[in-house]
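> If it helps, the file is called data.txt and holds compact mmCIF, C-alpha atoms:
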# COMPACT_ATOMS: atom_id res chain seq x y z
CA MET A 219 8.71 -23.61 -138.13
CA SER A 220 9.13 -21.03 -135.36
CA ASP A 221 6.63 -18.22 -134.83
CA GLU A 222 9.27 -15.73 -135.98
CA ALA A 223 9.46 -17.52 -139.36
CA PHE A 224 5.88 -16.78 -140.37
CA PRO A 225 5.76 -14.41 -143.34
CA ASP A 226 3.88 -11.16 -143.05
CA PRO A 227 0.33 -11.33 -144.40
CA ALA A 228 -0.06 -10.01 -147.94
CA VAL A 229 -2.97 -7.84 -146.77
CA ASP A 230 -3.59 -5.76 -143.70
CA VAL A 231 -5.10 -7.83 -140.90
CA GLU A 232 -7.24 -6.36 -138.15
CA SER A 233 -6.58 -7.45 -134.60
CA ILE A 234 -8.68 -7.81 -131.46
CA GLU A 235 -7.45 -7.52 -127.89
CA PRO A 236 -8.33 -10.28 -125.40
CA ASN A 237 -10.48 -7.94 -123.33
CA GLU A 238 -12.45 -6.93 -126.45
CA LEU A 239 -13.11 -10.57 -127.28
CA LYS A 240 -14.24 -11.15 -123.70
CA GLU A 241 -16.65 -8.20 -123.96
CA ARG A 242 -18.17 -9.67 -127.13
CA ILE A 243 -18.67 -12.99 -125.39
CA ASP A 244 -20.14 -11.32 -122.30
CA ASP A 245 -22.53 -9.36 -124.52
CA SER A 246 -23.84 -12.70 -125.90
CA GLU A 247 -22.64 -11.96 -129.41
CA ASP A 248 -22.39 -14.87 -131.81
CA VAL A 249 -18.63 -15.52 -131.88
CA PHE A 250 -16.75 -17.82 -134.26
CA LEU A 251 -13.17 -18.76 -133.35
CA LEU A 252 -10.62 -20.48 -135.54
CA ASP A 253 -8.05 -21.99 -133.16
CA THR A 254 -4.84 -22.77 -135.07
CA ARG A 255 -2.90 -24.43 -132.27
CA SER A 256 -2.02 -28.11 -132.35
CA SER A 257 -4.84 -30.56 -131.69
CA GLU A 258 -3.17 -31.58 -128.41
CA ALA A 259 -3.00 -27.99 -127.16
CA PHE A 260 -6.59 -27.37 -128.23
CA GLU A 261 -7.92 -30.46 -126.45
CA GLU A 262 -6.07 -29.52 -123.28
CA TRP A 263 -7.50 -26.01 -123.12
CA HIS A 264 -9.64 -23.78 -125.33
CA ILE A 265 -12.30 -21.09 -125.09
CA ASP A 266 -15.65 -22.74 -124.46
CA GLU A 267 -18.77 -20.61 -124.01
CA PRO A 268 -22.42 -21.17 -125.03
CA ASN A 269 -22.36 -18.38 -127.64
CA VAL A 270 -18.94 -19.34 -129.04
CA THR A 271 -18.42 -21.70 -131.98
CA VAL A 272 -14.82 -22.86 -132.20
CA ARG A 273 -13.07 -24.90 -134.87
CA ASN A 274 -9.55 -26.26 -134.50
CA VAL A 275 -7.45 -26.31 -137.68
CA PRO A 276 -3.72 -26.51 -136.83
CA TYR A 277 -1.74 -23.74 -138.52
CA PHE A 278 0.50 -26.14 -140.43
CA GLU A 279 -2.47 -27.02 -142.63
CA PHE A 280 -2.27 -23.45 -143.94
CA LEU A 281 1.48 -23.61 -144.63
CA LEU A 282 1.36 -25.87 -147.68
CA GLY A 283 2.46 -24.27 -150.90
CA ASP A 284 -1.02 -24.87 -152.30
CA VAL A 285 -3.45 -24.82 -149.38
CA ASN A 286 -6.16 -27.46 -149.65
CA ASP A 287 -9.47 -25.68 -150.17
CA GLY A 288 -11.03 -28.24 -147.84
CA VAL A 289 -9.63 -26.47 -144.78
CA PHE A 290 -11.86 -23.48 -145.54
CA GLU A 291 -15.09 -25.43 -145.90
CA GLU A 292 -16.08 -25.20 -142.24
CA ILE A 293 -14.99 -21.59 -141.81
CA PRO A 294 -18.10 -19.44 -142.39
CA ASP A 295 -17.78 -16.62 -144.90
CA ASP A 296 -20.96 -14.89 -143.75
CA ARG A 297 -19.86 -13.93 -140.22
CA ASP A 298 -16.89 -12.45 -138.42
CA VAL A 299 -14.03 -14.87 -137.78
CA THR A 300 -11.45 -14.47 -135.02
CA VAL A 301 -8.26 -16.46 -135.51
CA LEU A 302 -6.12 -17.35 -132.52
CA CYS A 303 -2.98 -19.30 -131.76
CA ALA A 304 -0.66 -19.60 -128.77
CA LYS A 305 1.11 -16.24 -128.98
CA GLY A 306 -0.53 -14.30 -131.81
CA ASP A 307 2.01 -14.88 -134.59
CA SER A 308 0.72 -17.78 -136.68
CA SER A 309 -2.84 -16.51 -136.23
CA GLU A 310 -1.97 -13.25 -137.97
CA TYR A 311 -0.58 -15.18 -140.92
CA VAL A 312 -3.66 -17.43 -141.15
CA ALA A 313 -5.97 -14.43 -140.77
CA GLY A 314 -4.16 -12.86 -143.73
CA LEU A 315 -4.90 -15.91 -145.87
CA LEU A 316 -8.58 -15.65 -144.93
CA ALA A 317 -8.65 -11.91 -145.60
CA GLU A 318 -7.25 -12.56 -149.09
CA ARG A 319 -10.26 -14.79 -149.71
CA GLY A 320 -12.69 -12.08 -148.62
CA TYR A 321 -13.39 -13.19 -145.05
CA GLU A 322 -14.24 -10.65 -142.34
CA VAL A 323 -11.45 -11.68 -140.03
CA ARG A 324 -9.32 -10.55 -137.11
CA HIS A 325 -6.60 -12.22 -135.11
CA LEU A 326 -6.35 -12.34 -131.33
CA VAL A 327 -3.45 -10.26 -130.03
CA ARG A 328 -1.02 -12.39 -127.97
CA GLY A 329 -3.23 -15.42 -128.61
CA MET A 330 -4.11 -17.72 -125.75
CA ASN A 331 -1.24 -16.27 -123.73
CA GLY A 332 -3.11 -12.96 -123.81
CA TRP A 333 -6.36 -14.70 -122.94
CA ALA A 334 -4.67 -16.31 -119.92
CA ASP A 335 -3.51 -12.85 -118.75
CA LEU A 336 -7.08 -11.54 -118.50
CA TYR A 337 -7.98 -10.90 -114.87
CA GLU A 338 -11.18 -9.07 -114.01
CA SER A 339 -12.14 -7.54 -110.69
CA TYR A 340 -15.47 -6.37 -109.29
CA GLU A 341 -16.32 -4.74 -105.98
CA LEU A 342 -19.20 -6.74 -104.56
CA ALA A 343 -22.29 -4.96 -103.26
CA VAL A 344 -22.47 -6.72 -99.90
CA ASP A 345 -23.76 -5.45 -96.58
CA VAL A 346 -20.59 -5.77 -94.51
CA ASP A 347 -18.26 -3.33 -92.82
CA ALA A 348 -15.51 -4.02 -95.34
CA THR A 349 -14.73 -3.75 -99.03
CA VAL A 350 -14.89 -7.11 -100.82
CA VAL A 351 -13.40 -7.39 -104.30
CA GLN A 352 -13.95 -10.52 -106.39
CA TYR A 353 -11.42 -11.49 -109.06
CA GLN A 354 -12.29 -13.73 -111.99
CA ARG A 355 -9.90 -15.37 -114.43
CA PRO A 356 -11.90 -16.17 -117.59
CA SER A 357 -9.33 -18.64 -118.90
CA SER A 358 -9.74 -20.97 -115.92
CA GLY A 359 -12.87 -19.84 -114.05
CA CYS A 360 -10.89 -19.42 -110.83
CA LEU A 361 -12.18 -16.90 -108.28
CA SER A 362 -10.18 -14.94 -105.72
CA TYR A 363 -11.20 -12.30 -103.18
CA LEU A 364 -9.65 -9.26 -101.53
CA VAL A 365 -11.17 -8.17 -98.21
CA VAL A 366 -10.21 -4.69 -97.00
CA SER A 367 -11.11 -3.21 -93.61
CA GLY A 368 -9.36 -0.10 -92.35
CA ASP A 369 -5.70 -0.27 -93.31
CA GLU A 370 -5.54 -4.07 -93.44
CA ALA A 371 -6.47 -6.54 -96.14
CA ALA A 372 -6.67 -10.27 -96.74
CA VAL A 373 -6.63 -12.14 -100.03
CA VAL A 374 -8.43 -15.47 -100.45
CA ASP A 375 -7.33 -18.06 -103.04
CA PRO A 376 -4.73 -15.82 -104.70
CA LEU A 377 -3.22 -16.96 -108.00
CA ARG A 378 0.55 -16.84 -108.11
CA ALA A 379 0.58 -15.07 -111.49
CA PHE A 380 -1.32 -12.07 -110.11
CA VAL A 381 0.34 -11.44 -106.75
CA ASP A 382 1.35 -7.90 -107.73
CA THR A 383 -2.29 -7.13 -108.62
CA TYR A 384 -3.51 -7.93 -105.10
CA HIS A 385 -0.84 -5.82 -103.44
CA GLN A 386 -1.47 -2.88 -105.78
CA ASP A 387 -5.24 -3.04 -105.33
CA ALA A 388 -4.89 -3.21 -101.56
CA ARG A 389 -2.62 -0.15 -101.58
CA THR A 390 -5.09 1.69 -103.83
CA LEU A 391 -7.72 1.05 -101.16
CA GLY A 392 -5.39 2.40 -98.46
CA ALA A 393 -4.41 -0.96 -96.97
CA GLU A 394 -1.63 -3.52 -96.79
CA ILE A 395 -2.21 -7.25 -97.05
CA THR A 396 -1.78 -8.87 -93.65
CA ALA A 397 -3.16 -12.34 -94.44
CA ALA A 398 -3.32 -14.66 -97.44
CA LEU A 399 -5.63 -17.68 -97.26
CA ASP A 400 -6.38 -20.73 -99.40
CA THR A 401 -9.72 -22.50 -99.25
CA HIS A 402 -8.16 -25.87 -100.08
CA ILE A 403 -5.12 -27.50 -101.66
CA HIS A 404 -5.48 -26.55 -105.30
CA ALA A 405 -4.99 -28.90 -108.22
CA ASP A 406 -6.09 -26.58 -111.04
CA HIS A 407 -3.71 -23.69 -110.48
CA ILE A 408 -0.60 -22.73 -108.54
CA SER A 409 -1.48 -21.10 -105.23
CA GLY A 410 -0.11 -17.62 -104.61
CA VAL A 411 -0.62 -17.65 -100.83
CA ARG A 412 3.01 -17.92 -99.87
CA ARG A 413 4.20 -15.60 -102.62
CA VAL A 414 1.72 -12.95 -101.42
CA ALA A 415 3.25 -13.21 -97.94
CA ALA A 416 6.88 -13.36 -99.11
CA GLY A 417 8.89 -10.31 -98.13
CA THR A 418 6.01 -8.76 -96.20
CA SER A 419 4.56 -9.02 -92.70
CA ALA A 420 1.55 -10.89 -94.07
CA GLU A 421 0.88 -14.40 -92.80
CA ALA A 422 0.03 -17.33 -95.07
CA PHE A 423 -2.84 -19.58 -93.98
CA LEU A 424 -3.82 -23.01 -95.31
CA PRO A 425 -6.71 -25.20 -94.17
CA ALA A 426 -5.94 -27.62 -91.35
CA SER A 427 -5.98 -30.48 -93.86
CA ALA A 428 -2.80 -29.16 -95.52
CA ALA A 429 -0.48 -31.26 -93.38
CA GLU A 430 -2.53 -34.37 -94.12
CA ARG A 431 -2.17 -33.65 -97.84
CA GLY A 432 1.61 -33.54 -97.50
CA VAL A 433 2.08 -29.80 -98.02
CA ASP A 434 5.62 -29.13 -96.84
CA ASP A 435 8.23 -26.70 -98.13
CA ASP A 436 10.71 -24.11 -96.91
CA THR A 437 8.12 -21.31 -96.73
CA ALA A 438 6.36 -21.05 -93.39
CA TYR A 439 2.59 -21.11 -93.22
CA ALA A 440 -0.05 -21.39 -90.52
CA THR A 441 -3.09 -23.65 -90.57
CA ILE A 442 -6.60 -22.54 -89.71
CA GLU A 443 -9.26 -24.73 -88.11
CA ASN A 444 -13.03 -24.67 -88.46
CA GLY A 445 -14.47 -21.82 -86.38
CA GLU A 446 -11.20 -19.92 -85.96
CA THR A 447 -11.09 -16.25 -86.93
CA ILE A 448 -8.53 -13.83 -88.32
CA ALA A 449 -8.82 -10.14 -87.51
CA ILE A 450 -8.61 -7.82 -90.53
CA GLY A 451 -8.94 -4.17 -89.54
CA GLU A 452 -12.35 -3.70 -87.97
CA THR A 453 -13.75 -7.04 -89.12
CA GLU A 454 -13.03 -10.73 -88.74
CA ILE A 455 -12.75 -13.58 -91.23
CA GLU A 456 -14.13 -16.87 -89.91
CA ALA A 457 -13.08 -20.28 -91.22
CA LEU A 458 -15.91 -22.71 -92.03
CA HIS A 459 -15.16 -26.34 -92.84
CA THR A 460 -17.29 -27.05 -95.94
CA PRO A 461 -16.29 -30.43 -97.38
CA GLY A 462 -17.54 -31.09 -100.88
CA HIS A 463 -15.25 -29.68 -103.54
CA THR A 464 -12.50 -31.41 -101.53
CA SER A 465 -12.69 -33.16 -98.17
CA GLY A 466 -10.68 -30.35 -96.60
CA MET A 467 -12.54 -27.46 -98.26
CA THR A 468 -12.70 -24.38 -96.03
CA ALA A 469 -14.84 -21.36 -96.86
CA TYR A 470 -14.30 -17.99 -95.19
CA ARG A 471 -17.08 -15.81 -93.84
CA VAL A 472 -16.93 -12.04 -93.45
CA GLU A 473 -19.92 -11.23 -91.26
CA ASN A 474 -22.80 -12.65 -93.37
CA VAL A 475 -20.81 -13.13 -96.58
CA ARG A 476 -19.15 -16.43 -97.40
CA LEU A 477 -16.11 -16.48 -99.67
CA SER A 478 -14.90 -19.59 -101.45
CA LEU A 479 -13.44 -20.74 -104.71
CA ILE A 480 -16.82 -21.98 -105.88
CA HIS A 481 -19.36 -19.34 -104.98
CA ILE A 482 -20.37 -16.44 -102.82
CA SER A 483 -23.66 -16.45 -100.89
Rewrite the coordinates I just gave you, this time as structure tokens.

Amino acid sequence: MSDEAFPDPAVDVESIEPNELKERIDDSEDVFLLDTRSSEAFEEWHIDEPNVTVRNVPYFEFLLGDVNDGVFEEIPDDRDVTVLCAKGDSSEYVAGLLAERGYEVRHLVRGMNGWADLYESYELAVDVDATVVQYQRPSSGCLSYLVVSGDEAAVVDPLRAFVDTYHQDARTLGAEITAALDTHIHADHISGVRRVAAGTSAEAFLPASAAERGVDDDTAYATIENGETIAIGETEIEALHTPGHTSGMTAYRVENVRLSLIHIS
């Protein structure tokens, strides 16, 4: 059955936006999620936080003409329930079934696709002659950074899906991106370094180990060695070889602040 084939719920169903759900989790609220995706999709990726209880019941178990009451046994009726799916269609239908049974229930708008689109940014309070913005993607835990000094900016570990965000934020801060850098060859997401640089005067930088890892395509990039620096406005970004996460891991230091995928110190 396609998502478009789900019938409308017989009762009105409240919804919750991904950013609202994230705020509840950040506020340490007790959150119960009913994930109605397939077991395979759930095992591959789901929301996992200390204050979140999640149960996976694939949506097709709710599509039987006479739904087995057993599927409701582990869904608490004394707390709020948020139902989610991949795109937000089947979850609305399932939430309607729960609402008919008296549950306090909402469904997640755009489902896990909406969760994946969440991208938060924070200006870090650091004692450097530059503006440093940290980006966090809750769905994967990946961190990126924007460093702005004067009318120039650099982005570290950009995600390809959010390239427009970096350019827009740099322009908002009165700068243009002149450098895009990766800390290592990523396996958990698609790097946006070369897409950030595409069609602009920005230069793409990969750690010196990139050639050893077989990185080779039609898009030009430069490599950066331990101790080398890149000038950004009135400041410099220094490359520091920090093997650990990978053998070729390179952190970047702006004065006394170190930027990397893993942490900032």
> One number please: atom CA of A:Glu292 to atom CA of A:Asp335, in Å, one decimal.
29.4 Å
> For atom CA of A:Ala440 and atom CA of A:Leu424, determine how far apart the two atoms are, in Å to one decimal place.
6.3 Å
> For a cutoff of 7 Å around the file-coordinate point (-12.5, -23.3, -90.1), which residues qualify once you count only C-alpha atoms? I'd like the result as number ranges by chain.
A: 442-446, 456-459, 468
> Identify which of the residues A:Val301, A:Val374, A:Val344, A:Val272 lies closest to A:Asn474, counting only C-alpha atoms when measuring atom-to-atom distances.
A:Val344
> Do you have the atom CA of A:Cys303-atom CA of A:Thr254 distance handy?
5.1 Å
> Could you check which of A:Val312, A:Asp295, A:Pro268, A:Ala304 is closest to A:Phe280, using all atoms listed in the file?
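Closest to A:Phe280, using all atoms listed in the file: A:Val312.
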> Neighbouring residues of A:Asp375 were defined as those with any atom within 7 Å, considering all atoms listed in the file; residues of the same chain fewer than 4 positions away were excluded. Please report them as a PDB file with C-alpha atoms, in the frame of the given file.

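Result file follows (result_12.pdb):
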ATOM      1  CA  SER A 362     -10.180 -14.940-105.720  1.00  0.00           C
ATOM      2  CA  TYR A 363     -11.200 -12.300-103.180  1.00  0.00           C
ATOM      3  CA  LEU A 399      -5.630 -17.680 -97.260  1.00  0.00           C
ATOM      4  CA  ASP A 400      -6.380 -20.730 -99.400  1.00  0.00           C
ATOM      5  CA  THR A 401      -9.720 -22.500 -99.250  1.00  0.00           C
ATOM      6  CA  SER A 409      -1.480 -21.100-105.230  1.00  0.00           C
ATOM      7  CA  LEU A 479     -13.440 -20.740-104.710  1.00  0.00           C
TER       8      LEU A 479
END
> For each of A:Gly410, A:Gly314, A:Gly451, A:Gly306, take the minimum atom-to-atom distance to A:Gly329, counting all atoms listed in the file, then give the residue where this is smallest.
A:Gly306
